[in-house]
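A quick write-up on the structure given underneath.
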Amino acid sequence: MELIPIFGIGIFGLAVGSFTNAAVYRLKICEIKSIFFGRSFCPRCKKTLRARDLIPLASFLLLRGRCRFCRKKISPHYFWVELATAVAFGGVAVFTGFADLALLSWNLFFTAIFIFLASFDFLFGEIPDEVSLPASLLAFLGSFLAFTIAPCESLIGLLAGGGFFAAIVLISNGKWMGGGDIRFGLLLGALLGWQGFAIAVFAASFLGSTVGVIQILQKKKKLKSALPFAPFLAAGGVAAILFAEEIWEWYLSFF
Ligand SMILES: [Zn+2]
């Protein structure tokens, strides 16, 4: 196996995770144009961070999770997003391989989008349309280049994914899910088709209920308190990008 390129993509994942952290924060606080421009600063003391404070993982550990200037605690969330992106990128590289670089880039790009949406939902309890809608459109347009599925499959997936979550929002009167989840459903469906969408939702529900039960057992959460669902959808989405065909064949082998 090509260990060095996989390791390289893991490192690239660290940088993308770091960018994701900054982008999530800036999209919430500032205008969209500042996502790509402007320097990172501490949310409390507003001092511009130095280059050495922006090294993924290492800076957080060296500063022991505090701002260099005002010692305000930095949420470990940022650390975990960087680590998760690196691990996810490494995994995508391993299972996609390097034979088709366009496909690899495509899978990495949407993995990063999923992590962005998951992180945003985790921090702020919402899924930003500014990212989910253009990404859905891009997933649909990409199907014309035959990356993974055909355009009609993408369109059916988009309708099925959005429709499925819209139905849940309607049935539960918005208690179990929100409008942001519908847009995440559009994206998953457009990217993966309806079979891939079903697998992503199955994996997400399985993960979500496992984590929910663990938290209830640890008495961290009450039975009724809702977990943000996007992180689980993101994990399910990455699983479906990589293993949809295998899981689907395995499932069909029962009939
Ligand atoms: Zn500070």
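In the structure tokens, each chain is lettered A, B, ... as it comes, each chain's residues begin at 1, and ligands are numbered from 1 in order of appearance.
The environment of Leu191 (chain A) within 7 Å, counting only C-alpha atoms and disregarding residues fewer than 4 places along the same chain, consists of Ala139, Phe140, Ser154 and Leu187 of chain A.
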So that I have them on file, write out the residues from the current selection with C-alpha atoms, as a PDB file, in the first residue's frame.
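The result, written out as again24.pdb:
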```pdb
ATOM      1  CA  ALA A 139     -22.936  16.906  -6.191  1.00  0.00           C
ATOM      2  CA  PHE A 140     -25.706  16.821  -8.800  1.00  0.00           C
ATOM      3  CA  SER A 154     -28.443  11.761  -8.356  1.00  0.00           C
ATOM      4  CA  LEU A 187     -26.799  16.727  -0.297  1.00  0.00           C
TER       5      LEU A 187
END
```
Next item on the list: For ligand 1, collect every residue having any atom at a distance of at most 8 Å from a ligand atom (counting only C-alpha atoms and all ligand atoms); output as an MDAnalysis selection string.
Entry: chainID A and resid 41:47 66:72
Note to self: Ranking A:Ala244, A:Leu207, A:Leu27, A:Ala239 by minimum distance to Ile127 (chain A) and counting only C-alpha atoms, which one comes first?
What the structure shows: A:Leu27
Pick out the residues sitting within 12 Å of Arg39 (chain A), and hand them over as an mmCIF file with C-alpha atoms, in the first residue's frame; count only C-alpha atoms, and ignore anything fewer than 6 positions along from it in its own chain.
```
data_model
loop_
_atom_site.group_PDB
_atom_site.id
_atom_site.type_symbol
_atom_site.label_atom_id
_atom_site.label_comp_id
_atom_site.auth_asym_id
_atom_site.auth_seq_id
_atom_site.Cartn_x
_atom_site.Cartn_y
_atom_site.Cartn_z
ATOM 1 C CA PHE A 19 -9.259 25.658 7.799
ATOM 2 C CA ALA A 22 -11.682 28.905 11.045
ATOM 3 C CA ALA A 23 -14.347 28.779 8.320
ATOM 4 C CA ARG A 26 -16.140 32.986 10.526
ATOM 5 C CA LYS A 46 -9.282 39.837 19.697
ATOM 6 C CA LYS A 47 -5.503 39.603 19.366
ATOM 7 C CA THR A 48 -4.307 38.231 16.036
ATOM 8 C CA LEU A 49 -2.926 34.736 16.472
ATOM 9 C CA ARG A 50 0.685 34.109 15.534
ATOM 10 C CA ALA A 51 1.676 31.652 12.850
ATOM 11 C CA ASP A 53 -0.384 29.252 17.212
ATOM 12 C CA LEU A 54 -2.055 27.960 14.065
#
```
Notebook entry, point to check: Using only C-alpha atoms, which of A:Phe110, A:Phe243, A:Trp80, A:Phe164 sits nearest Ala203 (chain A)?
Noted result: A:Phe243
